[in-house]
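Comments concern the structure below.
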Amino acid sequence: MKHRIVVLGAGYAGAYAAGSLARRLSPRDTEISVVNAAPHFVQRMRLAQLAAGREIEAPKLADVFAGTGIRLRLARVTAIDPERRTATLAGADGGELGYDTLVYALGSRVADHGVPGVAEHAFDVAARPSALRLRERLDSLEGRGEGGSVLVVGDGLTGIETATEIAESRPGLSVALVARGELAARLSAGARGHLRRACDRLGITVLEHTSVEAVEATRVLCADGTALASDATVWTAGFAVAPIAAAGGLEVTATGRIVVDRTMRSLSHPNVYAIGDGVHAIGDNGRPLPMSCASAGCTGRQAIEAIVGRLTGREVPLTKLVYTYNHISLGRRDGILQPVDDEGRAKPNHAGGRKAARIKSGILRMALWAAAHPTFGLPKRRHRLACARPSEDLAAAADQGTHPRVQPISSGPPVSGR
């Protein structure tokens, strides 16, 4: 009987993991399935561009996985049962799906932090449908011929990129960026100065030390009692994970992220691996990795090495778990490249302008290419499983230390921050 590997989610982390496992494990021993709610690969790092009016590629997952041997299930994950080793799916390919090894890569969604009105009245760029919904709203505002006001709440990387993209692409709209404290306080002084100059150039109004307490249809209410008019409020004030892992009984943090060991394997259920935004992984600096595309890359690489190593009886390499840069787009022709230290704090130096924009553009192109070619370089001969024992015996052997050994190795730099 083949070892069933199921990957939940086909974003950057999930698509990469599925393709890499298909590239390295023999199809005579393994069966790989990918579950994703949307039929297309979503370039999440470019959804602000999509909302602003730019066209971005969205390859069909059926085409992405064609010829790889990977089975695609277009469905929404509603539950997992790690004791029975099943995932419950809803949608076109719904039903119950069994697994021997599970890779949890369901990502994250917008966190409303309990602020009233966010779900009913705010827009976001956390998913393709919501980004297109915002795009339609911006189109309608421009279509009135009277302009309109756009209020972006949250000055993290997503908020900064969203505000600058909209302001550059739609100069007829009035754009404001709301920061709870000082604008982009996590950046270096030089990078903050560069950002302020970019906001001035693009006509973005920056509202610092402003806390939003409620969102209404045409305004937001602030903690100091003021009301800010808004024809389109874009909520970018953080991300959260779905409660699926916690509801399934996996060990999770207070925020619902799966707790794992150094190889991305669940501490409570060794047949489950977690990667991307849904994992609570400790980086090489001893601090939890942030939710980011960079973290998706390094946690995905580590999980792949661990799964291949344990199933084939080889050493499990320890890949680098590092977060070294923040890459921020400020429209099409400007950007910021901000190095960070081992404590996650911004280093004094930064790169800005067209060079930083070109670097970020290159990262986006490489990320899309890697996701759209998941088994590039597919070898003619792939690894066989260590033996024909049931999967639970393989996992038990790994737990007892009979195989495989763990060996540190180096890996490439992370892809990008959020």
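Residue numbering restarts at 1 for every chain of the structure tokens, chains are lettered A, B, ... in their displayed order, and ligands are numbered from 1 as they appear.
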### Query
as a PyMOL selection string, which residues of region 302-388 of chain A does DSSP assign to strand (DSSP E)?
chain A and resi 316-318+325-329+335-339+351-352
Go ahead and write the residues just picked, N, CA and C atoms, as a PDB file, in the first residue's frame.
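Once written, part30.pdb looks like this:
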ATOM      1  N   VAL A 316      18.213  13.545   8.392  1.00  0.00           N
ATOM      2  CA  VAL A 316      17.328  14.704   8.298  1.00  0.00           C
ATOM      3  C   VAL A 316      18.176  15.958   8.435  1.00  0.00           C
ATOM      4  N   PRO A 317      18.418  16.673   7.339  1.00  0.00           N
ATOM      5  CA  PRO A 317      19.222  17.900   7.451  1.00  0.00           C
ATOM      6  C   PRO A 317      18.438  18.989   8.179  1.00  0.00           C
ATOM      7  N   LEU A 318      19.163  19.813   8.911  1.00  0.00           N
ATOM      8  CA  LEU A 318      18.561  20.993   9.520  1.00  0.00           C
ATOM      9  C   LEU A 318      18.879  22.187   8.639  1.00  0.00           C
ATOM     10  N   TYR A 325      15.639  39.958   5.973  1.00  0.00           N
ATOM     11  CA  TYR A 325      15.287  41.179   5.239  1.00  0.00           C
ATOM     12  C   TYR A 325      13.782  41.396   5.246  1.00  0.00           C
ATOM     13  N   ASN A 326      13.396  42.645   5.130  1.00  0.00           N
ATOM     14  CA  ASN A 326      12.046  43.036   4.745  1.00  0.00           C
ATOM     15  C   ASN A 326      12.130  43.703   3.378  1.00  0.00           C
ATOM     16  N   HIS A 327      11.362  43.211   2.427  1.00  0.00           N
ATOM     17  CA  HIS A 327      11.323  43.794   1.086  1.00  0.00           C
ATOM     18  C   HIS A 327       9.968  44.461   0.907  1.00  0.00           C
ATOM     19  N   ILE A 328       9.958  45.758   0.658  1.00  0.00           N
ATOM     20  CA  ILE A 328       8.704  46.517   0.603  1.00  0.00           C
ATOM     21  C   ILE A 328       8.599  47.244  -0.729  1.00  0.00           C
ATOM     22  N   SER A 329       7.507  47.002  -1.449  1.00  0.00           N
ATOM     23  CA  SER A 329       7.235  47.752  -2.672  1.00  0.00           C
ATOM     24  C   SER A 329       6.547  49.062  -2.325  1.00  0.00           C
ATOM     25  N   GLY A 335      10.980  51.322  -3.708  1.00  0.00           N
ATOM     26  CA  GLY A 335      10.892  50.258  -2.720  1.00  0.00           C
ATOM     27  C   GLY A 335      11.891  50.455  -1.605  1.00  0.00           C
ATOM     28  N   ILE A 336      11.824  49.566  -0.629  1.00  0.00           N
ATOM     29  CA  ILE A 336      12.745  49.580   0.502  1.00  0.00           C
ATOM     30  C   ILE A 336      13.215  48.155   0.758  1.00  0.00           C
ATOM     31  N   LEU A 337      14.510  47.988   0.913  1.00  0.00           N
ATOM     32  CA  LEU A 337      15.105  46.723   1.321  1.00  0.00           C
ATOM     33  C   LEU A 337      15.717  46.957   2.697  1.00  0.00           C
ATOM     34  N   GLN A 338      15.102  46.370   3.730  1.00  0.00           N
ATOM     35  CA  GLN A 338      15.497  46.634   5.111  1.00  0.00           C
ATOM     36  C   GLN A 338      16.081  45.383   5.769  1.00  0.00           C
ATOM     37  N   PRO A 339      17.403  45.325   5.992  1.00  0.00           N
ATOM     38  CA  PRO A 339      17.982  44.190   6.724  1.00  0.00           C
ATOM     39  C   PRO A 339      17.570  44.241   8.196  1.00  0.00           C
ATOM     40  N   ALA A 351      18.381  49.864   1.687  1.00  0.00           N
ATOM     41  CA  ALA A 351      18.453  50.244   0.282  1.00  0.00           C
ATOM     42  C   ALA A 351      17.078  50.723  -0.141  1.00  0.00           C
ATOM     43  N   GLY A 352      17.027  51.760  -0.964  1.00  0.00           N
ATOM     44  CA  GLY A 352      15.742  52.296  -1.397  1.00  0.00           C
ATOM     45  C   GLY A 352      15.762  52.700  -2.844  1.00  0.00           C
TER      46      GLY A 352
END
### Task
Name the residues in contact with Val308 (chain A) at a cut-off of 12 Å, using only C-alpha atoms, excluding same-chain residues fewer than 3 positions from it; report them as a count of residues only.
35
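With only C-alpha atoms as the atoms that count, the residue of A:Asn36, A:Thr88, A:Ser230, A:Gln49 with the shortest distance to Arg73 (chain A) is A:Asn36.
In terms of minimum interatomic distance to Leu138 (chain A), A:Ala232 ranks closest within A:Ala356, A:Ala223, A:Ala232, A:Ala198, counting only C-alpha atoms.
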### Task
Quote the spacing between CA of Thr78 (chain A) and CA of Glu57 (chain A) in Å to one decimal place.
27.8 Å
### Task
Tell me which protein, DNA and RNA residues are within 8 Å of Ala367 (chain A), counting only C-alpha atoms, leaving out same-chain ones fewer than 3 positions away, and put them as number ranges by chain.
A: 12, 363-364, 370-371, 415
If we count only C-alpha atoms and set the cut-off at 8 Å, which residues sit around Ser174 (chain A), ignoring sequence neighbours fewer than 5 positions away in its own chain? Please answer as a PDB file with C-alpha atoms, in the first residue's frame.
ATOM      1  CA  GLY A 147     -12.869  61.118  -6.673  1.00  0.00           C
ATOM      2  CA  GLY A 148     -13.207  59.367  -3.363  1.00  0.00           C
ATOM      3  CA  SER A 149     -11.390  58.638  -0.132  1.00  0.00           C
ATOM      4  CA  VAL A 150      -9.535  55.401   0.647  1.00  0.00           C
ATOM      5  CA  ALA A 167      -2.107  56.021  -4.626  1.00  0.00           C
ATOM      6  CA  GLY A 203      -0.011  62.317  -1.957  1.00  0.00           C
ATOM      7  CA  ILE A 204      -0.719  59.847   0.860  1.00  0.00           C
TER       8      ILE A 204
END
### Task
Taking the chain letters and numbering used in this document, name the residues of region 131-269 of chain A that DSSP puts in alpha helix (DSSP H), as a PyMOL selection string.
chain A and resi 131-143+157-169+189-202+244-247
What's around region 268-283 of chain A at 6 Å? Count only C-alpha atoms, leave out sequence neighbours fewer than 5 positions away in its own chain, and write the answer as a PDB file with C-alpha atoms, in the first residue's frame.
ATOM      1  CA  ALA A  13       4.466  27.002   0.916  1.00  0.00           C
ATOM      2  CA  THR A 101       1.647  12.114   6.472  1.00  0.00           C
ATOM      3  CA  LEU A 102      -0.108  15.485   6.573  1.00  0.00           C
ATOM      4  CA  VAL A 103       1.455  18.809   5.554  1.00  0.00           C
ATOM      5  CA  TYR A 104      -0.589  21.676   6.999  1.00  0.00           C
ATOM      6  CA  ALA A 105      -0.139  24.775   4.822  1.00  0.00           C
ATOM      7  CA  GLY A 107      -1.953  29.985   5.650  1.00  0.00           C
ATOM      8  CA  SER A 108      -3.722  32.872   7.342  1.00  0.00           C
ATOM      9  CA  GLU A 251      -1.031  21.325  20.106  1.00  0.00           C
ATOM     10  CA  ARG A 257      -0.547  28.218  15.270  1.00  0.00           C
ATOM     11  CA  ILE A 258       0.745  24.626  15.350  1.00  0.00           C
ATOM     12  CA  VAL A 259       3.620  23.986  17.766  1.00  0.00           C
ATOM     13  CA  PRO A 288       9.372  32.684  16.649  1.00  0.00           C
ATOM     14  CA  LEU A 289       9.463  33.224  12.908  1.00  0.00           C
ATOM     15  CA  MET A 291       4.156  35.252   9.373  1.00  0.00           C
ATOM     16  CA  ALA A 296       6.992  29.989   4.327  1.00  0.00           C
ATOM     17  CA  THR A 299       9.768  26.200   7.041  1.00  0.00           C
ATOM     18  CA  GLY A 300       8.744  24.493   3.801  1.00  0.00           C
ATOM     19  CA  LEU A 321      15.493  29.129   9.766  1.00  0.00           C
ATOM     20  CA  VAL A 322      16.391  32.768   9.373  1.00  0.00           C
TER      21      VAL A 322
END
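With only C-alpha atoms as the atoms that count, the residue of A:Met1, A:Asp139, A:Asp29, A:Gly67 with the shortest distance to Thr375 (chain A) is A:Gly67.
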I'd like a table as CSV: residues in region 202-258 of chain A with an atom no more than 9 Å from region 180-197 of chain A, each row giving the shortest atom pair and its distance in Å to one decimal, only C-alpha atoms counted, sorted by chain and rising residue number.
residue,atom,partner,partner_atom,distance
A:Leu202,CA,A:Arg197,CA,8.6
A:Val206,CA,A:Leu183,CA,7.7
A:Leu207,CA,A:Leu183,CA,8.2
A:Glu208,CA,A:Glu182,CA,5.6
A:His209,CA,A:Gly181,CA,4.2
A:Thr210,CA,A:Arg180,CA,4.8
A:Ser211,CA,A:Arg180,CA,5.2
A:Val212,CA,A:Arg180,CA,8.1
Find the nearest atom pair between each residue of region 158-203 of chain A and region 44-47 of chain A for residues within 10 Å, count only C-alpha atoms, give distances in Å to one decimal, sort rows by chain and ascending number, and present the table as a Markdown table.
| residue | atom | partner | partner_atom | distance |
| --- | --- | --- | --- | --- |
| A:Thr158 | CA | A:Met45 | CA | 8.6 |
| A:Glu161 | CA | A:Arg46 | CA | 9.3 |
| A:Thr162 | CA | A:Leu47 | CA | 8.6 |
Writer output for current selection, N, CA and C atoms, as a PDB file, in the first residue's frame:
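Generated file (out02.pdb):
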ATOM      1  N   THR A 158       2.053  45.017   4.538  1.00  0.00           N
ATOM      2  CA  THR A 158       0.890  44.925   3.652  1.00  0.00           C
ATOM      3  C   THR A 158       0.191  46.268   3.534  1.00  0.00           C
ATOM      4  N   GLU A 161       2.339  48.691   1.356  1.00  0.00           N
ATOM      5  CA  GLU A 161       2.290  48.358  -0.066  1.00  0.00           C
ATOM      6  C   GLU A 161       0.918  48.645  -0.658  1.00  0.00           C
ATOM      7  N   THR A 162      -0.135  48.396   0.098  1.00  0.00           N
ATOM      8  CA  THR A 162      -1.489  48.655  -0.398  1.00  0.00           C
ATOM      9  C   THR A 162      -1.719  50.145  -0.615  1.00  0.00           C
TER      10      THR A 162
END
### Message
Using only C-alpha atoms, can you tell me which of A:Val153, A:Ala214, A:Val64, A:Ala58 comes closest to Gly114 (chain A)?
### Response
A:Ala214
### Shell of 6 Å around Ala79 (chain A), only C-alpha atoms, local chain residues under 2 positions omitted, as a list in words
Val77, Ala87, Thr88 and Ile244 of chain A
### Task
Excluding Tyr99 (chain A) and any residue of its chain fewer than 6 positions from it, enumerate the residues within 7 Å of it, using only C-alpha atoms, and give them as a list in words.
Arg4, Ile5, Val6, Arg85 and Thr86 of chain A
### Task
Give me, please, the distance in Å between CA of Ile80 (chain A) and CA of Tyr16 (chain A), quoted to one decimal.
21.7 Å
### Query
Just how far from CA of Ala237 (chain A) is CA of Leu8 (chain A), in Å to one decimal?
25.6 Å
